[in-house]
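Structure file entry_33.tsv with TSV, C-alpha atoms and all ligand atoms:
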chain	number	residue	atom	x	y	z
A	1	MET	CA	29.84	82.98	253.73
A	2	TYR	CA	30.34	81.64	250.20
A	3	LEU	CA	27.45	80.99	247.83
A	4	PHE	CA	27.97	78.03	245.47
A	5	VAL	CA	25.97	77.81	242.24
A	6	VAL	CA	26.25	74.35	240.73
A	7	ASN	CA	25.11	73.37	237.24
A	8	LYS	CA	25.14	69.58	237.46
A	9	LYS	CA	24.67	69.32	233.68
A	10	SER	CA	27.74	71.28	232.64
A	11	ALA	CA	30.32	69.22	230.74
A	12	ASN	CA	27.95	66.23	230.75
A	13	GLY	CA	27.72	65.82	234.51
A	14	GLY	CA	31.22	67.14	235.17
A	15	GLY	CA	29.69	69.96	237.24
A	16	TYR	CA	28.26	67.51	239.75
A	17	ARG	CA	31.47	65.51	240.05
A	18	THR	CA	33.49	68.70	240.60
A	19	TRP	CA	31.02	69.85	243.27
A	20	LYS	CA	31.38	66.57	245.15
A	21	GLN	CA	35.17	67.09	245.32
A	22	ILE	CA	34.76	70.72	246.42
A	23	GLU	CA	32.15	69.77	249.03
A	24	THR	CA	34.58	67.36	250.70
A	25	MET	CA	37.27	70.05	250.83
A	26	LEU	CA	34.87	72.68	252.22
A	27	LYS	CA	33.70	70.34	254.98
A	28	HIS	CA	37.22	69.26	255.83
A	29	ARG	CA	38.37	72.89	256.11
A	30	ARG	CA	35.16	74.00	257.90
A	31	ILE	CA	34.46	76.77	255.38
A	32	PRO	CA	30.93	78.17	255.68
A	33	TYR	CA	28.87	78.00	252.48
A	34	LYS	CA	25.38	77.84	251.02
A	35	LEU	CA	24.61	75.75	247.95
A	36	ILE	CA	22.16	76.07	245.10
A	37	TYR	CA	21.77	73.51	242.35
A	38	THR	CA	20.31	75.31	239.37
A	39	GLU	CA	18.25	73.84	236.55
A	40	SER	CA	18.12	76.82	234.17
A	41	PRO	CA	19.66	80.25	233.60
A	42	ASP	CA	16.46	82.08	234.65
A	43	GLN	CA	16.22	80.10	237.87
A	44	ALA	CA	19.91	80.77	238.61
A	45	GLN	CA	19.50	84.51	238.11
A	46	ALA	CA	16.41	84.64	240.36
A	47	LEU	CA	17.91	82.46	243.14
A	48	VAL	CA	21.25	84.25	243.24
A	49	THR	CA	19.53	87.65	243.36
A	50	GLU	CA	17.33	86.41	246.19
A	51	MET	CA	20.24	84.92	248.16
A	52	LEU	CA	22.37	88.06	247.80
A	53	SER	CA	19.53	90.18	249.18
A	54	LEU	CA	19.63	88.24	252.47
A	55	PRO	CA	21.41	89.90	255.40
A	56	GLU	CA	24.55	87.81	255.07
A	57	GLU	CA	28.19	88.76	254.58
A	58	TRP	CA	28.83	87.16	251.20
A	59	ARG	CA	32.50	86.72	250.38
A	60	ALA	CA	31.92	85.43	246.85
A	61	VAL	CA	29.52	83.70	244.49
A	62	ALA	CA	31.33	80.59	243.28
A	63	VAL	CA	30.13	79.09	240.01
A	64	ILE	CA	30.74	75.40	239.34
A	65	GLY	CA	30.04	75.05	235.64
A	66	GLY	CA	31.16	76.44	232.31
A	67	ASP	CA	30.87	79.83	230.65
A	68	GLY	CA	27.12	79.40	230.15
A	69	THR	CA	26.57	78.96	233.89
A	70	ILE	CA	28.74	81.99	234.64
A	71	HIS	CA	26.63	83.92	232.09
A	72	SER	CA	23.48	83.04	234.06
A	73	VAL	CA	24.69	84.74	237.28
A	74	LEU	CA	26.11	87.89	235.66
A	75	PRO	CA	22.84	89.90	235.91
A	76	ALA	CA	22.82	89.28	239.69
A	77	LEU	CA	26.52	90.19	240.15
A	78	ARG	CA	26.80	93.13	237.76
A	79	GLY	CA	27.56	96.36	239.61
A	80	GLN	CA	28.03	94.55	242.95
A	81	THR	CA	31.24	94.38	244.95
A	82	ILE	CA	30.64	90.69	245.79
A	83	PRO	CA	33.13	88.90	243.52
A	84	LEU	CA	32.63	85.98	241.18
A	85	ALA	CA	34.74	82.89	241.90
A	86	VAL	CA	35.11	80.30	239.15
A	87	ILE	CA	35.52	76.58	239.72
A	88	PRO	CA	35.87	75.45	236.10
A	89	ALA	CA	33.55	72.56	235.21
A	90	GLY	CA	32.51	73.24	231.62
A	91	SER	CA	33.66	72.09	228.23
A	92	GLY	CA	35.05	75.48	227.12
A	93	ASN	CA	36.03	77.36	230.30
A	94	ASP	CA	37.22	80.50	228.53
A	95	THR	CA	36.47	82.73	231.54
A	96	ALA	CA	38.77	80.61	233.73
A	97	ARG	CA	41.42	80.64	230.98
A	98	ALA	CA	41.31	84.46	230.69
A	99	PHE	CA	41.85	85.00	234.41
A	100	HIS	CA	44.43	82.23	234.87
A	101	ILE	CA	42.14	80.30	237.19
A	102	PRO	CA	43.48	76.74	237.49
A	103	PHE	CA	41.32	73.89	236.15
A	104	LYS	CA	42.11	71.57	239.09
A	105	PRO	CA	39.27	71.92	241.66
A	106	ALA	CA	41.59	72.15	244.70
A	107	ASP	CA	43.60	74.93	243.04
A	108	SER	CA	40.60	76.94	241.87
A	109	LEU	CA	39.16	76.63	245.39
A	110	ASP	CA	42.42	78.09	246.66
A	111	VAL	CA	41.95	81.07	244.33
A	112	MET	CA	38.43	81.52	245.72
A	113	LEU	CA	39.79	81.55	249.29
A	114	ASN	CA	43.07	83.45	248.85
A	115	GLY	CA	42.88	85.21	245.47
A	116	THR	CA	42.65	88.91	244.63
A	117	ALA	CA	39.40	90.47	243.39
A	118	ARG	CA	40.04	92.18	240.05
A	119	GLN	CA	37.57	94.64	238.56
A	120	ILE	CA	36.72	93.85	234.95
A	121	ASP	CA	34.43	95.04	232.14
A	122	LEU	CA	31.40	93.25	230.75
A	123	ILE	CA	29.75	93.43	227.32
A	124	SER	CA	26.17	94.67	227.52
A	125	THR	CA	23.76	93.67	224.73
A	126	SER	CA	20.26	95.10	225.25
A	127	GLY	CA	21.02	94.99	228.97
A	128	ASP	CA	22.14	91.33	228.90
A	129	PRO	CA	25.71	90.98	230.23
A	130	THR	CA	28.38	88.76	228.66
A	131	VAL	CA	31.85	88.23	230.08
A	132	THR	CA	33.77	86.45	227.28
A	133	ALA	CA	32.63	87.35	223.76
A	134	LEU	CA	29.64	87.85	221.55
A	135	ALA	CA	29.70	85.68	218.43
A	136	ILE	CA	27.59	87.01	215.55
A	137	GLY	CA	27.00	85.07	212.33
A	138	PHE	CA	28.85	81.90	211.27
A	139	ASP	CA	30.54	81.23	214.65
A	140	ALA	CA	27.25	81.82	216.49
A	141	GLU	CA	25.45	79.42	214.13
A	142	ILE	CA	28.06	76.72	214.83
A	143	ALA	CA	27.63	77.08	218.62
A	144	HIS	CA	23.83	77.10	218.33
A	145	THR	CA	23.71	74.15	215.92
A	146	VAL	CA	26.14	71.99	217.93
A	147	ASN	CA	24.24	72.69	221.20
A	148	ASN	CA	21.14	71.21	219.60
A	149	ARG	CA	22.71	68.18	217.92
A	150	TRP	CA	22.80	64.63	219.30
A	151	TYR	CA	26.49	64.31	218.52
A	152	LYS	CA	27.46	66.98	221.12
A	153	LYS	CA	26.47	64.67	224.00
A	154	PHE	CA	28.07	61.72	222.28
A	155	CYS	CA	31.38	63.55	221.75
A	156	ASN	CA	31.34	64.96	225.31
A	157	MET	CA	30.77	61.44	226.63
A	158	LEU	CA	33.88	60.28	224.78
A	159	ARG	CA	35.68	63.43	226.05
A	160	ILE	CA	36.25	64.64	222.49
A	161	GLY	CA	33.99	67.72	222.79
A	162	SER	CA	35.96	69.68	220.18
A	163	VAL	CA	35.12	67.05	217.54
A	164	ALA	CA	31.46	68.10	217.84
A	165	TYR	CA	32.51	71.64	216.85
A	166	ILE	CA	34.47	70.35	213.87
A	167	ILE	CA	31.36	68.47	212.69
A	168	GLY	CA	29.29	71.64	213.26
A	169	LEU	CA	31.87	73.70	211.36
A	170	LEU	CA	31.70	71.34	208.36
A	171	GLU	CA	27.89	71.36	208.46
A	172	LEU	CA	27.70	75.16	208.51
A	173	LEU	CA	30.43	75.55	205.87
A	174	VAL	CA	27.98	73.97	203.44
A	175	THR	CA	24.78	75.71	204.52
A	176	PHE	CA	25.69	79.17	205.89
A	177	LYS	CA	25.36	82.16	203.56
A	178	PRO	CA	27.42	85.28	204.27
A	179	ALA	CA	25.69	88.67	204.10
A	180	LYS	CA	26.48	92.37	204.01
A	181	VAL	CA	27.06	93.73	207.52
A	182	THR	CA	26.99	97.37	208.58
A	183	LEU	CA	28.99	98.19	211.70
A	184	SER	CA	28.70	101.43	213.54
A	185	ILE	CA	31.57	101.76	216.03
A	186	ASP	CA	31.45	104.77	218.35
A	187	GLY	CA	29.41	106.61	215.73
A	188	GLU	CA	31.57	105.72	212.68
A	189	THR	CA	29.77	103.52	210.13
A	190	LYS	CA	31.44	100.97	207.83
A	191	GLU	CA	30.01	98.34	205.47
A	192	TYR	CA	31.45	94.86	204.93
A	193	ASP	CA	30.26	92.75	201.99
A	194	ASP	CA	30.01	88.95	202.27
A	195	THR	CA	30.56	88.89	206.01
A	196	TRP	CA	30.78	85.49	207.68
A	197	MET	CA	31.21	86.54	211.26
A	198	THR	CA	31.69	89.45	213.64
A	199	ALA	CA	33.05	88.63	217.09
A	200	VAL	CA	32.91	91.28	219.82
A	201	SER	CA	35.31	90.34	222.61
A	202	ASN	CA	36.11	91.28	226.17
A	203	ILE	CA	38.82	88.61	226.60
A	204	PRO	CA	41.14	86.95	224.06
A	205	SER	CA	39.41	83.58	223.57
A	206	TYR	CA	36.02	81.96	223.08
A	207	GLY	CA	34.81	78.49	222.07
A	208	GLY	CA	37.33	76.68	224.29
A	209	GLY	CA	40.59	78.50	223.57
A	210	MET	CA	40.01	80.02	220.11
A	211	ARG	CA	42.02	83.28	220.34
A	212	ILE	CA	39.62	85.30	218.21
A	213	CYS	CA	40.74	88.72	219.57
A	214	PRO	CA	44.20	87.99	221.00
A	215	GLN	CA	44.77	91.62	222.05
A	216	ALA	CA	41.56	91.90	224.09
A	217	GLN	CA	41.93	93.02	227.71
A	218	SER	CA	39.05	92.80	230.14
A	219	ASN	CA	39.95	95.96	232.05
A	220	ASP	CA	40.66	98.50	229.32
A	221	GLY	CA	37.12	99.86	228.82
A	222	ILE	CA	37.27	98.79	225.17
A	223	LEU	CA	35.70	96.03	223.08
A	224	ASP	CA	37.82	94.22	220.49
A	225	ILE	CA	36.09	93.27	217.25
A	226	CYS	CA	37.06	90.68	214.64
A	227	ILE	CA	35.30	90.68	211.25
A	228	VAL	CA	35.76	87.87	208.73
A	229	HIS	CA	34.53	88.88	205.29
A	230	ARG	CA	35.00	88.33	201.55
A	231	CYS	CA	36.63	84.93	201.68
A	232	THR	CA	35.87	81.56	200.12
A	233	ARG	CA	34.56	78.59	202.09
A	234	LEU	CA	37.95	76.94	201.76
A	235	GLN	CA	39.76	80.03	203.10
A	236	LEU	CA	37.36	80.14	206.03
A	237	PHE	CA	37.91	76.45	206.78
A	238	ARG	CA	41.68	76.93	206.67
A	239	MET	CA	41.44	79.99	208.92
A	240	PHE	CA	40.07	78.08	211.94
A	241	PRO	CA	43.28	76.28	213.02
A	242	THR	CA	45.09	79.64	212.92
A	243	VAL	CA	42.56	81.11	215.40
A	244	LEU	CA	43.97	78.77	218.07
A	245	SER	CA	47.19	80.79	218.06
A	246	GLY	CA	45.60	84.12	217.09
A	247	GLN	CA	47.56	84.20	213.78
A	248	HIS	CA	44.36	84.70	211.75
A	249	VAL	CA	44.56	88.46	212.49
A	250	ASN	CA	47.18	88.74	209.70
A	251	LEU	CA	44.93	87.25	207.00
A	252	PRO	CA	43.73	89.68	204.31
A	253	PHE	CA	40.06	88.86	204.87
A	254	VAL	CA	40.21	89.46	208.64
A	255	THR	CA	39.67	93.00	209.96
A	256	MET	CA	40.34	93.89	213.59
A	257	LEU	CA	38.69	96.96	215.14
A	258	ARG	CA	38.17	98.41	218.61
A	259	GLY	CA	35.55	100.61	220.25
A	260	ARG	CA	33.26	101.19	223.20
A	261	THR	CA	29.90	100.74	221.45
A	262	VAL	CA	29.22	98.72	218.32
A	263	THR	CA	25.96	98.37	216.43
A	264	VAL	CA	25.75	95.40	214.07
A	265	GLN	CA	23.18	95.27	211.29
A	266	SER	CA	23.04	92.56	208.65
A	267	GLU	CA	21.14	92.02	205.42
A	268	ARG	CA	19.42	89.05	207.03
A	269	PRO	CA	19.21	88.30	210.78
A	270	PHE	CA	22.33	86.73	212.30
A	271	LEU	CA	22.30	85.00	215.69
A	272	GLY	CA	24.17	86.67	218.57
A	273	ILE	CA	25.65	84.21	221.09
A	274	GLY	CA	27.22	85.48	224.34
A	275	ASP	CA	29.29	83.13	226.55
A	276	GLY	CA	27.99	80.28	224.37
A	277	GLU	CA	24.33	81.17	225.09
A	278	LEU	CA	21.79	82.59	222.65
A	279	VAL	CA	21.43	86.28	223.54
A	280	THR	CA	19.77	87.98	220.58
A	281	THR	CA	19.74	88.39	216.80
A	282	THR	CA	20.87	91.28	214.64
A	283	PRO	CA	20.34	94.22	214.57
A	284	LEU	CA	22.07	94.52	217.93
A	285	THR	CA	24.11	96.97	219.93
A	286	ALA	CA	26.92	95.86	222.23
A	287	SER	CA	28.58	98.31	224.58
A	288	VAL	CA	31.25	98.05	227.22
A	289	ASP	CA	30.01	98.05	230.81
A	290	GLU	CA	33.21	99.31	232.38
A	291	GLY	CA	34.33	97.76	235.67
A	292	ALA	CA	30.96	96.07	236.16
A	293	LEU	CA	32.23	92.83	237.73
A	294	PHE	CA	34.78	91.67	240.30
A	295	VAL	CA	36.47	88.31	239.66
A	296	LEU	CA	38.69	86.41	242.10
A	297	CYS	CA	42.02	85.75	240.37
A	298	PRO	CA	45.29	84.17	241.49
A	299	LYS	CA	47.32	86.57	243.68
A	300	GLU	CA	50.41	86.73	241.50
A	301	ASP	CA	48.40	88.04	238.48
B	401	LIG	N1	22.78	78.20	236.09
B	401	LIG	C1	22.42	77.22	235.25
B	401	LIG	N2	21.85	76.09	235.72
B	401	LIG	C2	21.51	75.07	234.92
B	401	LIG	N3	21.70	75.09	233.59
B	401	LIG	C3	22.27	76.18	233.07
B	401	LIG	C4	22.65	77.29	233.87
B	401	LIG	N4	23.20	78.21	233.08
B	401	LIG	C5	23.18	77.70	231.84
B	401	LIG	N5	22.61	76.48	231.82
B	401	LIG	C6	22.42	75.53	230.69
B	401	LIG	O1	23.40	74.50	230.80
B	401	LIG	C7	24.17	74.40	229.59
B	401	LIG	C8	25.60	73.97	229.88
B	401	LIG	O2	26.21	74.84	230.79
B	401	LIG	P1	27.65	75.47	230.57
B	401	LIG	O3	27.67	76.31	229.35
B	401	LIG	O4	28.04	76.13	231.84
B	401	LIG	O5	28.55	74.19	230.38
B	401	LIG	P2	29.32	73.67	229.12
B	401	LIG	O6	28.55	73.90	227.89
B	401	LIG	O7	29.74	72.29	229.44
B	401	LIG	O8	30.64	74.57	229.18
B	401	LIG	P3	31.19	75.85	228.35
B	401	LIG	O9	30.11	76.87	228.23
B	401	LIG	O10	32.36	76.35	229.15
B	401	LIG	O11	31.59	75.29	227.01
B	401	LIG	C9	24.06	75.82	228.99
B	401	LIG	O12	24.24	75.81	227.62
B	401	LIG	C10	22.63	76.24	229.39
B	401	LIG	O13	21.69	75.79	228.45

What is this structure when it is put down as structure tokens?
Amino acid sequence: MYLFVVNKKSANGGGYRTWKQIETMLKHRRIPYKLIYTESPDQAQALVTEMLSLPEEWRAVAVIGGDGTIHSVLPALRGQTIPLAVIPAGSGNDTARAFHIPFKPADSLDVMLNGTARQIDLISTSGDPTVTALAIGFDAEIAHTVNNRWYKKFCNMLRIGSVAYIIGLLELLVTFKPAKVTLSIDGETKEYDDTWMTAVSNIPSYGGGMRICPQAQSNDGILDICIVHRCTRLQLFRMFPTVLSGQHVNLPFVTMLRGRTVTVQSERPFLGIGDGELVTTTPLTASVDEGALFVLCPKED
């Protein structure tokens, strides 16, 4: 039996349209499934936990939505052998990108049915699991601001979702103030003046393909950290296109670090966003939760 979790709202209604295509295929192929439409992350967590406690042989929990919807089921799947299947229907879809899950519904359904379950790490922040990356500071403020702005819906409607982030970036470039950040990584403490952002990653990309920690691997028991500090607003603006290819790691104001546990403190509170969702504010501690999740991936991977 497969459990489908559908967020109709993801990608401006894209979640619902994807589900309708998947539903037809499931019926045609007589694949047994149960369906839950979820309205909020809390409801999703509670319903999935309840469903998985039923005496049923669950083959996978399939999420139809984006990274935020996946985030909402992680507490229920963490430490379980029931794998996560991803049918991408978000605007960013970095989880699908990391595990080479195709974006076409028929192909991602095929991965759910015939793929291999791979064991991967999660990032744990005060017990809250994240699968992609934790954005702290400037990048987190962009995500949070854009999520609450009218122009996000408008841009999504026109299928130019990334334009909303460019507007958000410009807005925050004017208003955001960098601050001193103290990082403690596996017990070693370092200070960074004028820090704009600290990204703690489990996979290479976040924000819809921004390769913030290009070396990150989800099964190495290590978190990859990218710190952007002591640069001008213009340098920061010019850095963003280079993040798409991961070339920013060579810039003098970008520091890359690795570790299993990182504590982030900042002069003033910075937002911490995991999988695009508001998780916490600084001070925070993020640690690797090794092998905590199984994900269905294409066989050849
Ligand atoms: N299980 C859920 N059911 C309903 N709404 C949810 C659920 N999980 C998260 N949400 C809310 O729906 C919003 C959109 O979901 P999601 O993040 O999956 O799609 P997206 O923003 O289009 O894609 P992406 O995160 O890949 O950019 C989230 O920001 C969150 O507020």

Could you report the residues within 6 Å of ligand LIG 401 (chain B), using only C-alpha atoms and all ligand atoms, as a PDB file with C-alpha atoms, in the frame of the given file?
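And here's part.pdb as it stands now:
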ATOM      1  CA  ASN A   7      25.110  73.370 237.240  1.00  0.00           C
ATOM      2  CA  SER A  10      27.740  71.280 232.640  1.00  0.00           C
ATOM      3  CA  ALA A  11      30.320  69.220 230.740  1.00  0.00           C
ATOM      4  CA  THR A  38      20.310  75.310 239.370  1.00  0.00           C
ATOM      5  CA  GLU A  39      18.250  73.840 236.550  1.00  0.00           C
ATOM      6  CA  SER A  40      18.120  76.820 234.170  1.00  0.00           C
ATOM      7  CA  PRO A  41      19.660  80.250 233.600  1.00  0.00           C
ATOM      8  CA  ALA A  44      19.910  80.770 238.610  1.00  0.00           C
ATOM      9  CA  GLY A  65      30.040  75.050 235.640  1.00  0.00           C
ATOM     10  CA  GLY A  66      31.160  76.440 232.310  1.00  0.00           C
ATOM     11  CA  ASP A  67      30.870  79.830 230.650  1.00  0.00           C
ATOM     12  CA  GLY A  68      27.120  79.400 230.150  1.00  0.00           C
ATOM     13  CA  THR A  69      26.570  78.960 233.890  1.00  0.00           C
ATOM     14  CA  SER A  72      23.480  83.040 234.060  1.00  0.00           C
ATOM     15  CA  GLY A  90      32.510  73.240 231.620  1.00  0.00           C
ATOM     16  CA  SER A  91      33.660  72.090 228.230  1.00  0.00           C
ATOM     17  CA  GLY A  92      35.050  75.480 227.120  1.00  0.00           C
ATOM     18  CA  ASN A  93      36.030  77.360 230.300  1.00  0.00           C
ATOM     19  CA  GLY A 276      27.990  80.280 224.370  1.00  0.00           C
ATOM     20  CA  GLU A 277      24.330  81.170 225.090  1.00  0.00           C
TER      21      GLU A 277
END

Could you check which of A:Ser266, A:Asn202, A:Gln43, A:Asn148 is closest to Gln217 of chain A, using only C-alpha atoms?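 Using only C-alpha atoms, the shortest distance to Gln217 of chain A belongs to A:Asn202.
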
Set the distance at 12 Å and use all atoms listed in the file: which residues neighbour Gly272 of chain A once local chain neighbours fewer than 3 positions away are removed? I'd like the list as a PyMOL selection string. chain A and resi 125-126+128+130+133-144+197-200+264-266+269+275-286

Between A:Leu26, A:Pro102, A:Ile227, A:Leu77, which one has atoms that come closest to Pro129 of chain A, using only C-alpha atoms?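 Answer, going by the shortest atom-to-atom distance: A:Leu77.
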
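Proximity to Thr261 of chain A was assessed for A:Ala85, A:Ala216, A:Ile123, A:Met210 counting only C-alpha atoms; the smallest distance is recorded for A:Ile123.
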
Quick one: residues within 9 Å of segment 234-251 of chain A, all atoms listed in the file, excluding same-chain residues fewer than 2 positions away - as a list in words?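 Skipping anything fewer than 2 positions along the chain leaves Leu169, Leu170, Leu173, Trp196, Pro204, Ser205, Gly209, Met210, Arg211, Ile212, Cys213, Pro214, Cys226, Val228, Cys231, Thr232, Phe253, Val254, Thr255 and Met256 of chain A.
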
For Asp220 of chain A, which residue among A:Leu271, A:Leu52, A:Ile203, A:Leu74 is the nearest when counting only C-alpha atoms?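 Checking each candidate against Asp220 of chain A, we get A:Ile203 as the closest.
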